[in-house]
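Visitor: Can you keep this structure in mind? I'll have questions shortly.
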Amino acid sequence: MRIDQRVSIDLGPVTVLVGANGSGKSSILKAIHWSVRCATLRSNNNNTTLEQMDYTPSREFLQLAHKKRIQNSEGMPKIIVGFLDSEGEETVIQLSAARNDAGAKALINGPLSGIMTAATPQTAYIPGLAGLAETETLLATPILHRRAASGEGGAVLRHILLELVPGSSGAGTGTDHVELTELNKWVGKVIPGIRFWIKFDRLRDINIDAQFLTQDMHSPGRNIAQQRKPLEMAGTGFLQIVQIFAYLLKFKPRLLLIDEPDAHLHPGTQELLIKAIEEATIEFPETQFIITTHSPSLVRACSEKTKVRWMDRGALRSENETTIRQRMGWGALDKELILFTEDEKTVLIQGIIEQWPSLARKIIVWPTFGSSGLPHGDALRKLSQTLDISAMVHRDRDFMSDADINEWRKNRKYEENGIRSWITDGSDIESSFCDAKHLASLLSIDDSEGEEFLKAALLLCNKDDVERDFNTALSSAVATFPAPLRSIPSARWRELGEFCQNTVKGKEFLSMIKKAVQNSYKDTIDAPRLARLSKLRSPTPGLEVCASLKVEIEAALTKAKPASSPA
């Protein structure tokens, strides 16, 4: 699939694989499980037909090599999965095409060969449940194991739970529901107070009955049997937690492979899950867990017992584990730049950055809830060094002059620390959309008509309110500068043209533009164009907005990361 070179992963009791979609995380889990199952089920001539495979990532399994076809000939592409045991001895499974493409040939060599038997599954794979089968009946043990190994756990989860009944061995429970106290214990570490019951009477029942009760469902004073619900009523994330611990208790595999268990879980529940899995490694020391995730919450909750490994385009990244964990915590694992913005809501700046898809993929935007919250240059240098990532900041101009901006950058020590900063050309980021060409493109009108709407918008503004807001914004922006080095609001007001578009806050001016357009088009044949105003704060195709931001981003991405101390 995604892996086309040797990847060596040092496993811990718990190993978490992180990385972008398509990085190879799931490919590793599937390769491990498929190779082990083929080695387990192979015939005397080492072949496993498609019909015999209880798991395969695809029915077109000969296409599973990265950009190539698996073949039988010597020297042609093969799937190779190796395991090092505690003695450092290697066991290698090599998968190739059987003759006439009649399945896969699995050759296994090494000291672990002897444990690859159908009676002792060595791997269990949990890709995530799509849902629970409507009903389940009793299955013969080989069929149960085959379906469980297939990755379609929702088809046999109730049966797995039945196997957890002490002393049952699949014989059933008789006429009464039996509580699964061991499962309660482990799932209860993630969902406190959870309880499970199972029932299958061989003489009377056709289907297995599994029920559960959460703390939220419990009503004091009522009979428990009347409160518990059928397992199929549980949510997908809930069922996946149950599957993880049911498989652990039933199969006790050497490797429990869990693909993205965070997908349907609240961040707080994700944290409880990884902690429960780490606890399980103490009680089940023979089982190692390999988990893939995109979740910063899950990674943050990992203790030192867990090893975090970063997959990127089919290879293992060499960054140290601390860096990987911190990048995950910032949501910047596969990013090259953190852009700190003073805006609480990042929709506008995100929309602007998305004009440049190749850049947008490299950037994560972090709000700081006001210009005073923007990190100092010294702090950004340390962050950049720690995460091995570039950093830059955005703040609104707030009517400051270029000299004011230079003083602000100096006070924040951005330039001396090698940190790029983008200051809006107008008063704020909204002012970027107060443009005649933008209006013309949005409303499909001439530029001259766009200019007329800008004039009409200014007439809708209250001059006294505008001047008061101007003075407040500029005074606040320069308040910390030495008196001789800061703009005087009255002088700056005159410099910008007094009452004009340049002295109106962009967010206020956008509202007036919207009113001007509504006043002009309402109850006319142009009224349908009013629906386009919902995109007034978004770039229009073919018309670039904030070209200066693009310049700063490109400079931040190409510039070497800050050294350990200012030059």
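In the structure tokens, the first chain shown is A, the next is B, and so on; residue numbers restart at 1 for each chain, and ligands run from 1 in the order shown.
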Skip Asp85 (chain A) itself and residues of its chain fewer than 3 positions away, then list as a PyMOL selection string all residues within 10 Å of it, counting only C-alpha atoms.
Guide: chain A and resi 82+88-91+110-112
Visitor: Quick one: residues within 7 Å of region 134-151 of chain A, only C-alpha atoms, excluding same-chain residues fewer than 6 positions away - as JSON, numbers by chain?
Guide: {"A": [54, 55, 124, 125, 126, 127, 158, 159, 206, 207, 208]}
Visitor: Extract the full set of strand (DSSP E or B) residues from region 149-349 of chain A according to DSSP on the backbone, and format it as a ChimeraX atom specification.
Guide: /A:178-179,195-199,209-213,229-230,255-259,288-293,306-312,315-316,337-341
Visitor: Using only C-alpha atoms, determine which residues lie at most 10 Å from Arg529 (chain A), disregarding the query and same-chain residues fewer than 5 positions distant; provide the list as a PyMOL selection string.
Guide: chain A and resi 442-444+517-518+521-522
Visitor: Take the residues from that selection and write them out as a PDB file, in the first residue's frame, keeping all heavy atoms.
Guide:
ATOM      1  N   LEU A 442     -17.650  39.962  -6.950  1.00  0.00           N
ATOM      2  CA  LEU A 442     -18.663  39.255  -6.170  1.00  0.00           C
ATOM      3  C   LEU A 442     -20.058  39.443  -6.761  1.00  0.00           C
ATOM      4  O   LEU A 442     -20.837  38.487  -6.866  1.00  0.00           O
ATOM      5  CB  LEU A 442     -18.634  39.749  -4.720  1.00  0.00           C
ATOM      6  CG  LEU A 442     -19.660  39.143  -3.764  1.00  0.00           C
ATOM      7  CD1 LEU A 442     -19.374  37.668  -3.535  1.00  0.00           C
ATOM      8  CD2 LEU A 442     -19.656  39.904  -2.434  1.00  0.00           C
ATOM      9  N   LEU A 443     -20.375  40.684  -7.173  1.00  0.00           N
ATOM     10  CA  LEU A 443     -21.735  41.001  -7.620  1.00  0.00           C
ATOM     11  C   LEU A 443     -21.891  40.989  -9.140  1.00  0.00           C
ATOM     12  O   LEU A 443     -22.984  41.244  -9.653  1.00  0.00           O
ATOM     13  CB  LEU A 443     -22.132  42.388  -7.093  1.00  0.00           C
ATOM     14  CG  LEU A 443     -22.140  42.547  -5.569  1.00  0.00           C
ATOM     15  CD1 LEU A 443     -22.400  43.994  -5.192  1.00  0.00           C
ATOM     16  CD2 LEU A 443     -23.179  41.625  -4.932  1.00  0.00           C
ATOM     17  N   SER A 444     -20.784  40.688  -9.847  1.00  0.00           N
ATOM     18  CA  SER A 444     -20.793  40.682 -11.320  1.00  0.00           C
ATOM     19  C   SER A 444     -21.215  42.057 -11.857  1.00  0.00           C
ATOM     20  O   SER A 444     -22.165  42.188 -12.646  1.00  0.00           O
ATOM     21  CB  SER A 444     -21.728  39.584 -11.861  1.00  0.00           C
ATOM     22  OG  SER A 444     -21.319  38.314 -11.420  1.00  0.00           O
ATOM     23  N   VAL A 517     -25.585  47.967  -0.534  1.00  0.00           N
ATOM     24  CA  VAL A 517     -25.998  47.047  -1.604  1.00  0.00           C
ATOM     25  C   VAL A 517     -27.459  46.657  -1.410  1.00  0.00           C
ATOM     26  O   VAL A 517     -28.245  46.614  -2.373  1.00  0.00           O
ATOM     27  CB  VAL A 517     -25.087  45.799  -1.635  1.00  0.00           C
ATOM     28  CG1 VAL A 517     -25.602  44.792  -2.648  1.00  0.00           C
ATOM     29  CG2 VAL A 517     -23.653  46.193  -1.958  1.00  0.00           C
ATOM     30  N   GLN A 518     -27.820  46.378  -0.172  1.00  0.00           N
ATOM     31  CA  GLN A 518     -29.221  46.014   0.102  1.00  0.00           C
ATOM     32  C   GLN A 518     -30.166  47.161  -0.255  1.00  0.00           C
ATOM     33  O   GLN A 518     -31.232  46.934  -0.841  1.00  0.00           O
ATOM     34  CB  GLN A 518     -29.371  45.628   1.573  1.00  0.00           C
ATOM     35  CG  GLN A 518     -28.709  44.300   1.928  1.00  0.00           C
ATOM     36  CD  GLN A 518     -28.677  44.043   3.422  1.00  0.00           C
ATOM     37  OE1 GLN A 518     -28.718  44.982   4.226  1.00  0.00           O
ATOM     38  NE2 GLN A 518     -28.594  42.768   3.802  1.00  0.00           N
ATOM     39  N   TYR A 521     -30.437  47.207  -4.165  1.00  0.00           N
ATOM     40  CA  TYR A 521     -30.987  46.064  -4.899  1.00  0.00           C
ATOM     41  C   TYR A 521     -32.333  45.569  -4.388  1.00  0.00           C
ATOM     42  O   TYR A 521     -33.031  44.822  -5.082  1.00  0.00           O
ATOM     43  CB  TYR A 521     -29.996  44.899  -4.854  1.00  0.00           C
ATOM     44  CG  TYR A 521     -28.767  45.092  -5.718  1.00  0.00           C
ATOM     45  CD1 TYR A 521     -27.653  44.251  -5.561  1.00  0.00           C
ATOM     46  CD2 TYR A 521     -28.707  46.074  -6.698  1.00  0.00           C
ATOM     47  CE1 TYR A 521     -26.524  44.408  -6.353  1.00  0.00           C
ATOM     48  CE2 TYR A 521     -27.582  46.236  -7.485  1.00  0.00           C
ATOM     49  CZ  TYR A 521     -26.488  45.392  -7.308  1.00  0.00           C
ATOM     50  OH  TYR A 521     -25.383  45.564  -8.090  1.00  0.00           O
ATOM     51  N   LYS A 522     -32.693  45.950  -3.168  1.00  0.00           N
ATOM     52  CA  LYS A 522     -33.931  45.426  -2.581  1.00  0.00           C
ATOM     53  C   LYS A 522     -35.135  45.806  -3.449  1.00  0.00           C
ATOM     54  O   LYS A 522     -35.264  46.935  -3.900  1.00  0.00           O
ATOM     55  CB  LYS A 522     -34.110  45.981  -1.172  1.00  0.00           C
ATOM     56  CG  LYS A 522     -35.301  45.378  -0.433  1.00  0.00           C
ATOM     57  CD  LYS A 522     -35.383  45.944   0.988  1.00  0.00           C
ATOM     58  CE  LYS A 522     -36.583  45.364   1.725  1.00  0.00           C
ATOM     59  NZ  LYS A 522     -36.705  45.922   3.089  1.00  0.00           N
TER      60      LYS A 522
END
Visitor: Counting only C-alpha atoms, which residue out of A:Arg37, A:Arg202, A:Lys463, A:Lys335 sits closest to Gln52 (chain A)?
Guide: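 The answer is A:Arg37, which sits nearest to Gln52 (chain A).
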Visitor: Using only C-alpha atoms, can you tell me which of A:Ala301, A:Met392, A:Val242, A:Cys461 comes closest to Leu183 (chain A)?
Guide: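 Selected residue with least distance to Leu183 (chain A): A:Val242.
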Visitor: Among region 50-283 of chain A, which ones does DSSP assign to alpha helix (DSSP H) (computed from the backbone)? Answer as a PyMOL selection string.
Guide: chain A and resi 141-149+157-163+181-187+224-227+236-251+267-283
Visitor: Pick the closest to Ala456 (chain A) from A:Ser421, A:Thr56, A:Thr472, A:Ser520: which is it, counting only C-alpha atoms?
Guide: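 Of the candidates, the smallest distance to Ala456 (chain A) is held by A:Ser520.
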Visitor: Neighbouring residues of region 354-361 of chain A were defined as those with any atom within 12 Å, considering only C-alpha atoms; residues of the same chain fewer than 5 positions away were excluded. Please report them as a ChimeraX atom specification.
Guide: /A:20,332-339,347-349,538-547,549-558
Visitor: Identify, on the basis of only C-alpha atoms, every residue whose closest approach to region 480-496 of chain A does not exceed 9 Å; exclude the query and any residue fewer than 5 positions from it along the same chain; express the result as a list in words.
Guide: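 My reading of the contact set: Phe399, Met400, Ser401, Ala403, Asp404, Glu407, Trp408, Asn411, Glu467, Phe470, Asn471, Thr472, Leu474, Ser475, Asn502 and Thr503 of chain A.
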Visitor: Go ahead and write the residues just picked, C-alpha atoms, as a compact mmCIF listing (two decimals), in the first residue's frame.
Guide:
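What follows is the written file again18.txt:
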# COMPACT_ATOMS: atom_id res chain seq x y z
CA PHE A 399 -4.41 52.82 11.94
CA MET A 400 -0.73 52.75 12.98
CA SER A 401 1.88 54.31 10.71
CA ALA A 403 7.00 53.94 11.98
CA ASP A 404 4.57 52.71 14.65
CA GLU A 407 8.44 50.30 16.90
CA TRP A 408 5.94 47.55 17.72
CA ASN A 411 9.35 46.08 21.26
CA GLU A 467 -13.46 59.43 14.71
CA PHE A 470 -10.24 55.73 15.30
CA ASN A 471 -8.79 57.57 18.30
CA THR A 472 -9.50 54.66 20.66
CA LEU A 474 -4.79 54.00 17.59
CA SER A 475 -4.25 55.21 21.16
CA ASN A 502 -8.98 54.90 5.36
CA THR A 503 -10.12 55.97 8.84
Visitor: When you draw a straight line from CA of Gly377 (chain A) to CA of Ile419 (chain A), how long is it in Å?
Guide: 6.6 Å
Visitor: Restricting the calculation to only C-alpha atoms, which member of A:Asp312, A:Glu430, A:Asp388, A:Glu344 is positioned closest to Gly370 (chain A)?
Guide: A:Glu344
Visitor: Could you check the closest approach to Glu451 (chain A) for each of A:Gln501, A:Asn223, A:Ser35, A:Ser297 and tell me which residue wins, using only C-alpha atoms?
Guide: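 Smallest separation from Glu451 (chain A) among the options: A:Gln501.
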Visitor: For a test of reading the model, state the distance in Å between CA of Arg69 (chain A) and CA of Ile32 (chain A), rounded to one decimal.
Guide: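 Between CA of Arg69 (chain A) and CA of Ile32 (chain A) the gap is 18.6 Å.
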